[in-house]
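Data file: entry_28.cif. Format and content: mmCIF, C-alpha atoms and all ligand atoms.
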```
data_input
#
loop_
_atom_site.label_atom_id
_atom_site.label_comp_id
_atom_site.auth_asym_id
_atom_site.auth_seq_id
_atom_site.Cartn_x
_atom_site.Cartn_y
_atom_site.Cartn_z
CA MET J 628 63.29 -35.99 -0.15
CA THR J 629 64.78 -36.71 3.26
CA TYR J 630 68.49 -36.08 3.57
CA ILE J 631 70.44 -38.13 6.10
CA THR J 632 74.17 -38.14 6.83
CA ASN J 633 76.40 -41.08 5.83
CA GLU J 634 77.02 -41.83 9.49
CA ARG J 635 73.30 -41.95 10.24
CA LEU J 636 72.72 -44.15 7.20
CA LYS J 637 75.48 -46.56 8.31
CA ALA J 638 73.99 -46.73 11.81
CA LEU J 639 70.53 -47.42 10.44
CA LEU J 640 71.78 -50.11 8.06
CA SER J 641 73.69 -51.83 10.83
CA GLN J 642 70.58 -51.79 13.04
CA LEU J 643 68.59 -53.20 10.16
CA ALA J 644 71.21 -55.93 9.52
CA GLU J 645 71.16 -56.84 13.21
CA PHE J 646 67.39 -57.01 13.12
CA CYS J 647 67.36 -59.23 10.03
CA SER J 648 70.03 -61.59 11.42
CA ASN J 649 68.01 -62.19 14.58
CA ASP J 650 65.63 -65.05 14.29
CA LEU J 651 62.74 -62.78 15.19
CA THR J 652 59.47 -62.25 13.48
CA TYR J 653 58.10 -58.77 12.75
CA LYS J 654 56.04 -58.65 15.92
CA TYR J 655 59.14 -58.85 18.08
CA ALA J 656 60.82 -55.81 16.53
CA THR J 657 61.93 -53.49 19.31
CA ALA J 658 60.77 -49.91 19.50
CA SER J 659 64.23 -48.67 18.51
CA HIS J 660 64.31 -50.86 15.40
CA ALA J 661 60.87 -49.66 14.45
CA ALA J 662 61.90 -46.04 15.03
CA ALA J 663 65.05 -46.53 12.97
CA ILE J 664 63.07 -47.90 10.04
CA THR J 665 60.50 -45.12 10.32
CA ASP J 666 63.32 -42.56 10.27
CA ILE J 667 64.18 -43.51 6.70
CA THR J 668 60.70 -43.21 5.32
CA MET J 669 58.97 -40.61 7.48
CA GLN J 670 59.11 -37.11 6.08
CA HIS J 671 57.71 -33.99 7.59
CA ALA J 672 55.80 -31.72 5.23
CA LEU J 673 54.59 -28.20 5.96
CA VAL J 674 51.33 -27.49 4.12
CA THR J 675 50.36 -23.81 4.03
CA GLY J 676 46.68 -23.31 3.27
CA GLY J 677 46.19 -26.85 4.55
CA ALA J 678 42.72 -26.14 5.94
CA GLY J 679 41.55 -25.06 2.51
CA PHE J 680 39.76 -27.10 -0.10
CA ILE J 681 42.76 -28.50 -2.02
CA GLY J 682 45.06 -28.26 1.01
CA SER J 683 42.91 -30.54 3.16
CA HIS J 684 42.79 -33.21 0.44
CA LEU J 685 46.54 -32.86 -0.02
CA CYS J 686 47.04 -33.40 3.73
CA GLU J 687 45.02 -36.62 3.56
CA GLN J 688 47.09 -37.79 0.58
CA LEU J 689 50.38 -37.04 2.35
CA LEU J 690 49.28 -38.81 5.54
CA GLN J 691 48.30 -41.83 3.48
CA GLN J 692 51.81 -41.81 2.01
CA GLY J 693 53.36 -41.84 5.49
CA TYR J 694 54.22 -38.16 5.93
CA GLN J 695 54.19 -36.23 9.18
CA LEU J 696 52.41 -32.91 8.75
CA THR J 697 52.33 -29.35 9.96
CA ILE J 698 49.27 -27.55 8.66
CA LEU J 699 49.45 -23.76 8.62
CA ASP J 700 46.30 -21.80 7.84
CA ASP J 701 44.76 -18.50 8.93
CA LEU J 702 41.23 -19.76 8.13
CA SER J 703 40.53 -16.73 5.95
CA THR J 704 38.86 -18.81 3.22
CA GLY J 705 39.60 -22.26 4.65
CA ARG J 706 37.61 -23.97 7.38
CA PHE J 707 38.78 -25.81 10.46
CA GLN J 708 36.10 -28.47 9.75
CA ASN J 709 38.13 -29.45 6.67
CA ILE J 710 40.92 -30.74 8.90
CA ALA J 711 39.11 -31.43 12.20
CA HIS J 712 39.24 -35.17 11.46
CA LEU J 713 43.04 -35.04 11.08
CA GLU J 714 43.96 -33.19 14.25
CA SER J 715 43.80 -36.22 16.53
CA ASP J 716 46.42 -37.99 14.35
CA ALA J 717 49.73 -38.06 16.22
CA ASN J 718 51.50 -37.18 12.96
CA VAL J 719 49.60 -33.91 12.51
CA ARG J 720 50.24 -30.51 14.01
CA VAL J 721 47.91 -27.60 13.25
CA VAL J 722 48.99 -23.96 13.45
CA ILE J 723 46.36 -21.26 12.97
CA ASP J 724 48.34 -18.27 11.76
CA SER J 725 49.28 -16.37 8.62
CA VAL J 726 52.18 -17.03 6.24
CA ILE J 727 52.95 -13.36 6.38
CA HIS J 728 54.21 -13.77 9.97
CA GLU J 729 57.81 -14.34 9.17
CA ASP J 730 59.28 -15.51 12.50
CA MET J 731 56.74 -18.27 12.74
CA VAL J 732 57.24 -19.34 9.10
CA LYS J 733 61.00 -19.38 9.64
CA GLN J 734 60.56 -21.83 12.52
CA LEU J 735 58.06 -24.05 10.71
CA VAL J 736 60.25 -24.28 7.62
CA ALA J 737 63.21 -25.22 9.81
CA ASP J 738 61.13 -28.00 11.43
CA CYS J 739 60.08 -29.69 8.17
CA ASP J 740 61.68 -31.53 5.25
CA CYS J 741 59.57 -30.01 2.47
CA VAL J 742 56.86 -27.39 1.94
CA TYR J 743 53.63 -27.30 -0.06
CA HIS J 744 52.72 -23.63 -0.31
CA LEU J 745 49.02 -23.31 -1.14
CA ALA J 746 48.03 -20.40 1.11
CA SER J 747 46.63 -17.66 -1.08
CA ALA J 748 43.69 -15.38 -1.60
CA VAL J 749 41.46 -17.26 -4.06
CA GLY J 750 38.24 -16.83 -6.02
CA VAL J 751 37.26 -14.09 -8.42
CA GLN J 752 34.68 -12.65 -6.02
CA LEU J 753 37.19 -12.28 -3.18
CA ILE J 754 39.74 -10.74 -5.51
CA MET J 755 37.25 -8.14 -6.69
CA ASP J 756 36.09 -7.41 -3.11
CA GLN J 757 39.51 -7.27 -1.40
CA PRO J 758 42.07 -6.11 -3.98
CA VAL J 759 44.79 -4.94 -1.57
CA LYS J 760 44.64 -8.02 0.63
CA THR J 761 44.77 -10.25 -2.45
CA ILE J 762 48.03 -8.83 -3.73
CA GLU J 763 49.71 -8.60 -0.33
CA ASN J 764 48.61 -12.03 0.76
CA ILE J 765 49.79 -13.78 -2.39
CA PHE J 766 53.06 -12.07 -2.99
CA VAL J 767 54.27 -11.32 0.55
CA GLY J 768 53.38 -14.83 1.77
CA THR J 769 55.17 -16.55 -1.09
CA GLU J 770 58.23 -14.33 -0.79
CA ILE J 771 58.63 -15.24 2.92
CA VAL J 772 58.11 -18.97 2.35
CA LEU J 773 60.57 -19.06 -0.56
CA ARG J 774 63.22 -17.04 1.25
CA HIS J 775 63.31 -19.49 4.17
CA CYS J 776 63.13 -22.57 1.94
CA ALA J 777 66.02 -21.17 -0.09
CA ARG J 778 68.08 -20.49 3.04
CA LEU J 779 67.67 -24.06 4.31
CA ARG J 780 67.39 -25.68 0.86
CA LYS J 781 64.02 -27.22 1.59
CA PRO J 782 62.12 -28.52 -1.45
CA VAL J 783 59.00 -26.42 -2.00
CA LEU J 784 55.98 -26.58 -4.29
CA VAL J 785 54.03 -23.42 -5.07
CA THR J 786 50.50 -23.50 -6.49
CA SER J 787 49.97 -20.99 -9.25
CA THR J 788 46.93 -20.72 -11.48
CA SER J 789 45.70 -20.93 -15.07
CA GLU J 790 44.70 -17.29 -14.56
CA VAL J 791 48.28 -16.35 -15.44
CA TYR J 792 47.48 -17.16 -19.09
CA GLY J 793 45.23 -14.10 -18.94
CA LYS J 794 43.41 -13.38 -22.16
CA GLY J 795 45.56 -15.76 -24.18
CA ILE J 796 43.63 -17.39 -27.01
CA ALA J 797 45.99 -20.22 -27.99
CA VAL J 798 44.08 -23.32 -26.92
CA PRO J 799 45.26 -25.48 -25.20
CA PHE J 800 47.51 -23.39 -22.97
CA HIS J 801 51.14 -24.53 -22.95
CA GLU J 802 53.37 -23.51 -20.08
CA ASP J 803 55.74 -21.46 -22.26
CA ASP J 804 53.01 -19.57 -24.14
CA ASP J 805 53.04 -15.79 -24.02
CA VAL J 806 50.58 -14.38 -21.51
CA VAL J 807 48.24 -11.46 -22.17
CA THR J 808 46.66 -9.75 -19.18
CA GLY J 809 44.40 -6.73 -19.00
CA ALA J 810 45.08 -3.20 -17.79
CA THR J 811 46.14 -2.67 -14.16
CA SER J 812 42.97 -0.61 -13.67
CA LYS J 813 41.00 -3.86 -13.94
CA HIS J 814 41.35 -5.59 -10.59
CA ARG J 815 40.53 -9.00 -11.96
CA TRP J 816 44.08 -9.23 -13.30
CA ALA J 817 45.69 -8.55 -9.90
CA TYR J 818 45.39 -12.23 -8.99
CA ALA J 819 47.04 -13.37 -12.25
CA CYS J 820 49.83 -10.81 -11.94
CA ALA J 821 50.55 -11.56 -8.26
CA LYS J 822 50.71 -15.29 -9.07
CA SER J 823 52.96 -14.55 -12.09
CA LEU J 824 55.30 -12.67 -9.80
CA ASP J 825 55.31 -15.71 -7.47
CA GLU J 826 56.32 -17.83 -10.45
CA PHE J 827 59.11 -15.42 -11.43
CA LEU J 828 60.46 -15.54 -7.89
CA CYS J 829 60.37 -19.36 -7.78
CA LEU J 830 62.25 -19.58 -11.07
CA ALA J 831 64.71 -16.92 -9.95
CA HIS J 832 65.57 -18.98 -6.84
CA TRP J 833 65.99 -22.04 -9.05
CA LYS J 834 68.21 -20.15 -11.47
CA GLN J 835 70.29 -18.49 -8.78
CA SER J 836 70.88 -21.36 -6.36
CA ARG J 837 69.10 -24.43 -7.76
CA MET J 838 66.63 -24.32 -4.90
CA PRO J 839 64.37 -27.38 -5.43
CA VAL J 840 61.11 -25.66 -6.36
CA SER J 841 58.14 -26.86 -8.41
CA VAL J 842 55.52 -24.47 -9.77
CA VAL J 843 52.14 -25.93 -10.60
CA ARG J 844 49.56 -23.99 -12.60
CA LEU J 845 46.25 -25.37 -11.43
CA PHE J 846 43.23 -25.23 -13.70
CA ASN J 847 39.70 -25.33 -12.21
CA THR J 848 39.80 -27.90 -9.45
CA VAL J 849 36.62 -29.17 -7.88
CA GLY J 850 35.41 -31.73 -5.35
CA PRO J 851 34.03 -32.14 -1.86
CA ARG J 852 34.73 -29.31 0.62
CA GLN J 853 34.94 -26.59 -2.02
CA THR J 854 32.76 -23.69 -1.02
CA GLY J 855 30.71 -21.66 -3.51
CA GLN J 856 31.04 -18.65 -1.24
CA TYR J 857 33.88 -17.07 -3.21
CA GLY J 858 32.40 -17.50 -6.67
CA MET J 859 33.32 -21.15 -7.50
CA VAL J 860 30.83 -22.25 -10.10
CA ILE J 861 30.16 -25.97 -9.47
CA PRO J 862 29.37 -25.80 -5.72
CA ARG J 863 27.26 -22.70 -6.44
CA PHE J 864 25.25 -24.44 -9.19
CA VAL J 865 24.79 -27.63 -7.15
CA GLN J 866 23.55 -25.72 -4.13
CA ALA J 867 21.03 -23.77 -6.22
CA ALA J 868 19.83 -26.93 -7.98
CA LEU J 869 19.32 -28.79 -4.69
CA GLU J 870 17.40 -25.84 -3.26
CA GLY J 871 15.27 -25.52 -6.40
CA ALA J 872 16.60 -21.97 -6.87
CA PRO J 873 17.63 -20.57 -10.28
CA LEU J 874 21.17 -21.37 -11.48
CA THR J 875 22.78 -18.06 -12.39
CA VAL J 876 25.01 -18.13 -15.47
CA TYR J 877 27.22 -15.07 -15.82
CA GLY J 878 27.41 -13.63 -19.33
CA GLY J 879 26.13 -15.67 -22.27
CA GLY J 880 27.26 -19.03 -20.88
CA ILE J 881 29.24 -19.93 -24.01
CA GLN J 882 32.50 -19.45 -22.09
CA SER J 883 33.97 -22.87 -21.35
CA ARG J 884 36.08 -24.39 -18.61
CA CYS J 885 37.77 -27.70 -17.83
CA PHE J 886 37.21 -29.16 -14.36
CA ALA J 887 39.56 -31.54 -12.59
CA HIS J 888 38.71 -33.66 -9.56
CA VAL J 889 40.73 -32.72 -6.50
CA ALA J 890 41.67 -36.39 -5.99
CA ASP J 891 43.64 -36.34 -9.28
CA ILE J 892 45.20 -32.98 -8.49
CA VAL J 893 46.61 -33.84 -5.06
CA GLN J 894 48.31 -36.94 -6.41
CA GLY J 895 49.88 -34.79 -9.12
CA LEU J 896 51.05 -32.22 -6.58
CA VAL J 897 52.89 -34.78 -4.46
CA LYS J 898 54.60 -36.28 -7.51
CA MET J 899 55.67 -32.81 -8.67
CA LEU J 900 57.55 -32.18 -5.47
CA GLU J 901 58.90 -35.69 -5.08
CA THR J 902 60.30 -35.81 -8.65
CA PRO J 903 63.61 -33.93 -8.93
CA SER J 904 63.25 -33.50 -12.72
CA ALA J 905 60.10 -31.43 -12.06
CA HIS J 906 62.07 -28.91 -10.01
CA GLY J 907 62.72 -25.59 -11.72
CA GLN J 908 59.70 -26.19 -13.98
CA VAL J 909 56.28 -24.63 -14.39
CA VAL J 910 53.71 -27.35 -15.03
CA ASN J 911 49.97 -27.29 -15.82
CA LEU J 912 47.72 -29.62 -13.81
CA GLY J 913 44.06 -30.14 -14.53
CA ASN J 914 41.73 -32.01 -16.83
CA ASP J 915 41.25 -31.23 -20.52
CA GLU J 916 37.56 -32.25 -20.75
CA GLU J 917 35.92 -28.96 -21.83
CA VAL J 918 32.37 -27.86 -21.05
CA THR J 919 30.53 -24.56 -21.58
CA ILE J 920 29.07 -22.96 -18.46
CA MET J 921 25.58 -23.21 -19.98
CA GLU J 922 26.02 -26.96 -20.57
CA LEU J 923 27.42 -27.32 -17.06
CA ALA J 924 24.27 -25.73 -15.61
CA GLN J 925 22.13 -28.15 -17.64
CA ARG J 926 24.18 -31.14 -16.49
CA VAL J 927 23.90 -30.10 -12.84
CA ILE J 928 20.11 -29.79 -13.18
CA ALA J 929 19.91 -33.23 -14.82
CA ALA J 930 22.23 -34.87 -12.27
CA THR J 931 20.26 -33.47 -9.32
CA GLU J 932 16.87 -34.06 -11.01
CA SER J 933 16.09 -30.47 -10.10
CA THR J 934 13.28 -28.28 -11.38
CA SER J 935 15.51 -25.19 -11.19
CA GLU J 936 15.66 -22.80 -14.11
CA ILE J 937 18.70 -21.11 -15.60
CA GLN J 938 18.96 -17.33 -15.44
CA HIS J 939 21.59 -14.99 -16.83
CA LEU J 940 23.34 -12.03 -15.25
CA SER J 941 25.82 -9.83 -17.10
CA TYR J 942 29.40 -9.70 -15.80
CA GLU J 943 28.89 -5.99 -15.06
CA GLU J 944 25.94 -6.77 -12.78
CA VAL J 945 28.00 -9.31 -10.84
CA TYR J 946 31.49 -7.79 -10.75
CA GLY J 947 31.01 -4.16 -11.76
CA ALA J 948 31.91 -2.25 -14.92
CA GLY J 949 34.90 -3.30 -17.02
CA PHE J 950 35.11 -6.93 -15.87
CA GLU J 951 36.87 -9.18 -18.39
CA ASP J 952 36.63 -12.97 -18.58
CA MET J 953 38.39 -15.65 -20.62
CA GLU J 954 36.35 -17.55 -23.18
CA ARG J 955 38.23 -20.85 -22.96
CA ARG J 956 40.79 -22.27 -20.58
CA VAL J 957 42.12 -25.67 -21.61
CA PRO J 958 45.36 -27.08 -20.17
CA ALA J 959 48.05 -28.75 -22.26
CA LEU J 960 48.98 -31.67 -20.03
CA GLY J 961 51.92 -33.14 -21.97
CA ARG J 962 54.57 -31.75 -19.63
CA ALA J 963 52.86 -33.16 -16.52
CA ARG J 964 52.47 -36.50 -18.26
CA GLU J 965 56.15 -36.63 -19.29
CA LEU J 966 57.54 -35.50 -15.95
CA VAL J 967 55.44 -37.49 -13.50
CA GLY J 968 53.09 -39.66 -15.60
CA TYR J 969 50.13 -37.45 -14.63
CA GLN J 970 46.78 -38.58 -16.01
CA ALA J 971 43.42 -37.25 -14.85
CA THR J 972 41.27 -40.27 -14.08
CA CYS J 973 38.01 -38.62 -12.94
CA THR J 974 35.40 -37.20 -15.33
CA LEU J 975 33.03 -34.27 -14.89
CA ASP J 976 30.30 -36.81 -14.06
CA ASP J 977 32.47 -38.14 -11.20
CA ILE J 978 32.97 -34.60 -9.92
CA LEU J 979 29.26 -33.77 -10.04
CA ARG J 980 28.37 -37.05 -8.33
CA ASP J 981 30.76 -36.35 -5.43
CA VAL J 982 29.82 -32.69 -4.97
CA ILE J 983 26.09 -33.47 -5.12
CA ALA J 984 26.48 -36.33 -2.62
CA GLU J 985 28.34 -34.08 -0.20
CA GLN J 986 25.84 -31.23 -0.43
CA ARG J 987 22.86 -33.61 -0.12
CA ALA J 988 24.39 -35.14 3.01
CA ALA J 989 24.79 -31.68 4.54
CA MET J 990 21.15 -30.65 3.92
N1 LIG J 1001 40.58 -24.43 -6.67
C1 LIG J 1001 41.02 -24.06 -7.86
O1 LIG J 1001 40.34 -24.27 -8.86
C2 LIG J 1001 42.37 -23.39 -8.03
C3 LIG J 1001 42.73 -22.99 -9.32
C4 LIG J 1001 43.95 -22.38 -9.50
C5 LIG J 1001 44.82 -22.21 -8.45
N2 LIG J 1001 44.45 -22.60 -7.20
C6 LIG J 1001 45.40 -22.40 -6.10
O2 LIG J 1001 45.39 -23.51 -5.23
C7 LIG J 1001 45.64 -23.09 -3.89
C8 LIG J 1001 44.56 -23.62 -2.97
O3 LIG J 1001 43.30 -23.10 -3.37
P1 LIG J 1001 41.90 -23.68 -2.88
O4 LIG J 1001 41.03 -23.78 -4.05
O5 LIG J 1001 42.11 -24.87 -2.03
O6 LIG J 1001 41.34 -22.46 -2.04
P2 LIG J 1001 41.07 -22.32 -0.48
O7 LIG J 1001 40.61 -20.91 -0.26
O8 LIG J 1001 40.17 -23.38 -0.02
O9 LIG J 1001 42.52 -22.53 0.12
C9 LIG J 1001 43.42 -21.49 0.40
C10 LIG J 1001 43.77 -21.63 1.87
O10 LIG J 1001 44.77 -20.68 2.19
C11 LIG J 1001 44.43 -20.12 3.45
N3 LIG J 1001 45.11 -18.81 3.52
C12 LIG J 1001 44.88 -17.71 2.77
N4 LIG J 1001 45.72 -16.75 3.11
C13 LIG J 1001 46.52 -17.25 4.11
C14 LIG J 1001 47.59 -16.72 4.87
N5 LIG J 1001 48.03 -15.49 4.68
N6 LIG J 1001 48.16 -17.53 5.78
C15 LIG J 1001 47.74 -18.80 5.97
N7 LIG J 1001 46.73 -19.35 5.28
C16 LIG J 1001 46.13 -18.57 4.36
C17 LIG J 1001 42.93 -20.01 3.45
O11 LIG J 1001 42.36 -19.89 4.72
C18 LIG J 1001 42.58 -21.33 2.78
O12 LIG J 1001 42.45 -22.37 3.73
C19 LIG J 1001 45.75 -21.57 -3.94
O13 LIG J 1001 47.10 -21.21 -4.01
C20 LIG J 1001 45.06 -21.20 -5.24
O14 LIG J 1001 45.57 -20.00 -5.79
C21 LIG J 1001 43.23 -23.19 -6.96
#
```

Please, can you express the file's structure as structure tokens?
Amino acid sequence: MTYITNERLKALLSQLAEFCSNDLTYKYATASHAAAITDITMQHALVTGGAGFIGSHLCEQLLQQGYQLTILDDLSTGRFQNIAHLESDANVRVVIDSVIHEDMVKQLVADCDCVYHLASAVGVQLIMDQPVKTIENIFVGTEIVLRHCARLRKPVLVTSTSEVYGKGIAVPFHEDDDVVTGATSKHRWAYACAKSLDEFLCLAHWKQSRMPVSVVRLFNTVGPRQTGQYGMVIPRFVQAALEGAPLTVYGGGIQSRCFAHVADIVQGLVKMLETPSAHGQVVNLGNDEEVTIMELAQRVIAATESTSEIQHLSYEEVYGAGFEDMERRVPALGRARELVGYQATCTLDDILRDVIAEQRAAM
């Protein structure tokens, strides 16, 4: 949403009327007419975590839709290469810094019309390895972003995660289901709890002052540029298959997941922020095509025509004693469909094709 004053709107309309009444073709439009028209449509979005996997695709989507962008990222898990091709665009500004630096966030929020807040510690491996940073990064960063968006009433979207459903067993997961997480002594749940607290804070701002905020619970999202470095399963399997190395399945492999293509997700994210009826809501986004991790490994081997074998490691061997995982994680997508007409269009085969093509090209 771009808000303009009545006076500004009148001035723009009169310029437009003048332009239309002149017997001029499009190519003779003056710079000021062009600027006036751009003023109405051009919005400036701040994307935190914009150099990350989903963030970089979101930036491309927003640019395609005519947005101006500020990308804020500390490159902790993101990579500058993800956005290097965007930096020369006159509509893009890149800031390498952390969302926990409040003065800078205050200024960037003031400069923009809306905020997509994706910056976060991500990946089970990272969460297990850096428990303090995970909690601080997620909660402190979100608190700062929300406080400044609330002050200036800037629409903001916050990415949460299907992890908040914890050990829930009601499949598919509906947004208003009860959540069941593990004991606080098990670090795995720190990510889910920090993201839940983010959600509470978003909804509190909505309740208290009707701040335009959308909360999106993302289910496993995959596609080009995702790194397997932090425990993401598809890039990890594809890399092993292309190298002819064993694909390591954690646990028995009967646990299942649903994978969505990042191209579907970023379109959903933009609609969630642009649609006022989605504000004040928590909404699942993903794909509901379910696959066990064992079947996934077999499909990756088939799609890459690899001779790799599948090996198993127990969760304890990978993450240490007491690690808990969820058996199934299927999103209920009815709310997303009703609010913004969301429909995942890409299949798991599409995802594998794109990830394999990217990794092959990089070999
Ligand atoms: N990929 C998924 O399957 C998935 C699933 C659920 C939720 N999410 C959420 O989606 C968002 C994006 O995740 P992603 O998969 O693209 O991961 P990613 O690691 O590629 O992106 C996160 C980005 O945030 C940046 N970042 C981290 N801390 C920061 C800080 N303090 N200041 C500035 N930048 C910081 C990282 O450098 C990175 O570029 C995250 O909020 C994540 O919790 C992703």

Of J:Glu901, J:Glu790, J:Asp700, J:Glu729, the one sitting nearest ligand LIG 1001 (chain J) when using only C-alpha atoms and all ligand atoms is J:Asp700

Take atom CA of J:His712 and atom CA of J:Val674 and report the distance between them in Å, one decimal.
->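 Spanning atom CA of J:His712 to atom CA of J:Val674 is a straight-line distance of 16.1 Å.
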
_Nearest to ligand LIG 1001 (chain J) by atom-to-atom distance, counting all atoms listed in the file, from J:Val742, J:Val759, J:Val791, J:Ala930_ =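 Ranked by minimum distance to ligand LIG 1001 (chain J), first place goes to J:Val791.
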
Per residue of chain J within 7 Å of ligand LIG 1001 (chain J), record the nearest atom pair and its distance in Å to one decimal, counting all atoms listed in the file, with rows in chain order and ascending residue number, as CSV.
```
residue,atom,partner,partner_atom,distance
J:Thr675,CA,J:LIG1001,N7,5.9
J:Gly676,CA,J:LIG1001,O10,3.4
J:Gly677,CA,J:LIG1001,O12,5.9
J:Ala678,CA,J:LIG1001,O12,4.4
J:Gly679,CA,J:LIG1001,O12,3.1
J:Phe680,CA,J:LIG1001,O8,3.7
J:Ile681,CA,J:LIG1001,O5,3.7
J:Gly682,CA,J:LIG1001,O5,5.4
J:Leu699,CA,J:LIG1001,C15,5.9
J:Asp700,CA,J:LIG1001,N7,3.6
J:Asp701,CA,J:LIG1001,C15,4.2
J:Leu702,CA,J:LIG1001,O11,3.6
J:Ser703,CA,J:LIG1001,O11,3.9
J:Thr704,CA,J:LIG1001,O11,4.0
J:Gly705,CA,J:LIG1001,O12,3.0
J:Arg706,CA,J:LIG1001,O12,6.3
J:Asp724,CA,J:LIG1001,C15,5.8
J:Ser725,CA,J:LIG1001,N6,3.3
J:Val726,CA,J:LIG1001,N6,4.1
J:Ile727,CA,J:LIG1001,N5,5.6
J:Leu745,CA,J:LIG1001,O13,4.0
J:Ala746,CA,J:LIG1001,O10,3.4
J:Ser747,CA,J:LIG1001,C12,4.2
J:Ala748,CA,J:LIG1001,C12,5.1
J:Val749,CA,J:LIG1001,O14,5.2
J:Asn764,CA,J:LIG1001,N5,5.3
J:Gly768,CA,J:LIG1001,N5,6.1
J:Thr786,CA,J:LIG1001,O13,4.8
J:Ser787,CA,J:LIG1001,C5,5.4
J:Thr788,CA,J:LIG1001,C4,3.9
J:Ser789,CA,J:LIG1001,C4,6.0
J:Arg844,CA,J:LIG1001,C5,6.5
J:Leu845,CA,J:LIG1001,C4,4.2
J:Phe846,CA,J:LIG1001,C3,4.9
J:Asn847,CA,J:LIG1001,O1,3.6
J:Thr848,CA,J:LIG1001,O1,3.7
J:Val849,CA,J:LIG1001,O1,6.2
J:Gln853,CA,J:LIG1001,O8,6.5
```

Exercise for the section: Within 6 Å of J:Pro782, counting all atoms listed in the file, which residues show up once you throw out same-chain ones fewer than 3 positions away? Write them as a PyMOL selection string, please. Expected result: chain J and resi 741+839-840

Any chance you could tabulate, as a tab-separated table, the residues of stretch 678-797 of chain J at most 12 Å from stretch 941-956 of chain J with each one's nearest atom pair and distance in Å to one decimal, using only C-alpha atoms, in chain and rising number order?
```
residue	atom	partner	partner_atom	distance
J:Val751	CA	J:Tyr946	CA	8.9
J:Gln752	CA	J:Tyr946	CA	7.5
J:Leu753	CA	J:Tyr946	CA	10.5
J:Ile754	CA	J:Tyr946	CA	10.2
J:Met755	CA	J:Tyr946	CA	7.1
J:Asp756	CA	J:Tyr946	CA	8.9
J:Thr788	CA	J:Arg956	CA	11.1
J:Ser789	CA	J:Arg956	CA	7.5
J:Glu790	CA	J:Arg956	CA	8.7
J:Val791	CA	J:Arg956	CA	10.8
J:Tyr792	CA	J:Arg956	CA	8.5
J:Gly793	CA	J:Met953	CA	7.2
J:Lys794	CA	J:Met953	CA	5.7
J:Gly795	CA	J:Met953	CA	8.0
J:Ile796	CA	J:Arg955	CA	7.6
J:Ala797	CA	J:Arg955	CA	9.3
```

In Å and to one decimal, atom CA of J:Leu830 is distant from atom CA of J:Tyr818 by 18.5 Å

- Suppose you want the space between atom CA of J:Leu784 and atom CA of J:Ser841; what is it in Å?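 About the pair atom CA of J:Leu784 and atom CA of J:Ser841: they are 4.7 Å apart.
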
If you count only C-alpha atoms, the residue of J:Ile762, J:Val918, J:Val783, J:Leu979 closest to J:Leu824 turns out to be J:Ile762

Restricting the calculation to all atoms listed in the file: of J:Thr919, J:Gln938, J:Gln882, J:Gln894, which residue gets closest to J:Tyr969?
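Using all atoms listed in the file, J:Tyr969 sits closest to J:Gln894.
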
One residue among J:Glu763, J:Glu687, J:Glu826, J:Asp976 is nearest to J:Ala711 when using only C-alpha atoms, and that residue is J:Glu687

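Nearest-residue note for J:Ser933: choosing from J:Tyr877, J:Tyr743, J:Phe864, J:Tyr694, the minimum distance belongs to J:Phe864, counting all atoms listed in the file.
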
TODO: Considering all atoms listed in the file, return as JSON, numbers by chain whatever protein or nucleic-acid residues lie within 8 Å of J:His888, sequence-local ones (same chain, fewer than 6 positions apart) excluded.
DONE: {"J": [848, 849, 850, 971, 973, 974, 975, 977, 978]}

Report task. Pull the neighbourhood of (24.5, -27.9, -6.1) for me: all residues within 10 Å in file coordinates, counting all atoms listed in the file, as a list of chain:residue names. Result ->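 The residues that fall inside the cut-off are J:Gly855, J:Val860, J:Ile861, J:Pro862, J:Arg863, J:Phe864, J:Val865, J:Gln866, J:Ala867, J:Ala868, J:Leu869, J:Glu870, J:Gly871, J:Ala872, J:Leu874, J:Ala924, J:Val927, J:Ile928, J:Ala930, J:Thr931, J:Ser933, J:Leu979, J:Val982, J:Ile983, J:Ala984, J:Glu985, J:Gln986, J:Arg987.
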
Using the file's own x, y and z axes, what box holds all listed atoms of stretch 943-960 of chain J with 3 Å on each side, keeping edges along x, y and z, and what are its centre and edge lengths in Å to one decimal, as AutoDock Vina command-line options?
```
--center_x 37.5 --center_y -17.0 --center_z -17.0 --size_x 29.0 --size_y 35.4 --size_z 18.4
```

Next on the checklist: Taking (54.3, -40.5, 7.4) in the coordinates of the supplied file, I want to know which residues reach to within 8 Å of it, counting all atoms listed in the file; could you give the answer as a PyMOL selection string?
Outcome noted: chain J and resi 668-671+689-696+718

Some atoms are missing, so please complete stretch 900-904 of chain J with N, CA and C atoms and return it as a PDB file, in the coordinates of the input.
```
ATOM      1  N   LEU J 900      56.500 -32.551  -6.420  1.00  0.00           N
ATOM      2  CA  LEU J 900      57.550 -32.180  -5.470  1.00  0.00           C
ATOM      3  C   LEU J 900      58.537 -33.334  -5.261  1.00  0.00           C
ATOM      4  N   GLU J 901      58.031 -34.540  -5.338  1.00  0.00           N
ATOM      5  CA  GLU J 901      58.900 -35.690  -5.080  1.00  0.00           C
ATOM      6  C   GLU J 901      59.808 -36.035  -6.262  1.00  0.00           C
ATOM      7  N   THR J 902      59.525 -35.457  -7.441  1.00  0.00           N
ATOM      8  CA  THR J 902      60.300 -35.810  -8.650  1.00  0.00           C
ATOM      9  C   THR J 902      61.324 -34.713  -8.949  1.00  0.00           C
ATOM     10  N   PRO J 903      62.613 -34.986  -8.737  1.00  0.00           N
ATOM     11  CA  PRO J 903      63.610 -33.930  -8.930  1.00  0.00           C
ATOM     12  C   PRO J 903      63.592 -33.311 -10.335  1.00  0.00           C
ATOM     13  N   SER J 904      63.242 -34.095 -11.365  1.00  0.00           N
ATOM     14  CA  SER J 904      63.250 -33.500 -12.720  1.00  0.00           C
ATOM     15  C   SER J 904      62.136 -32.476 -12.903  1.00  0.00           C
TER      16      SER J 904
END
```
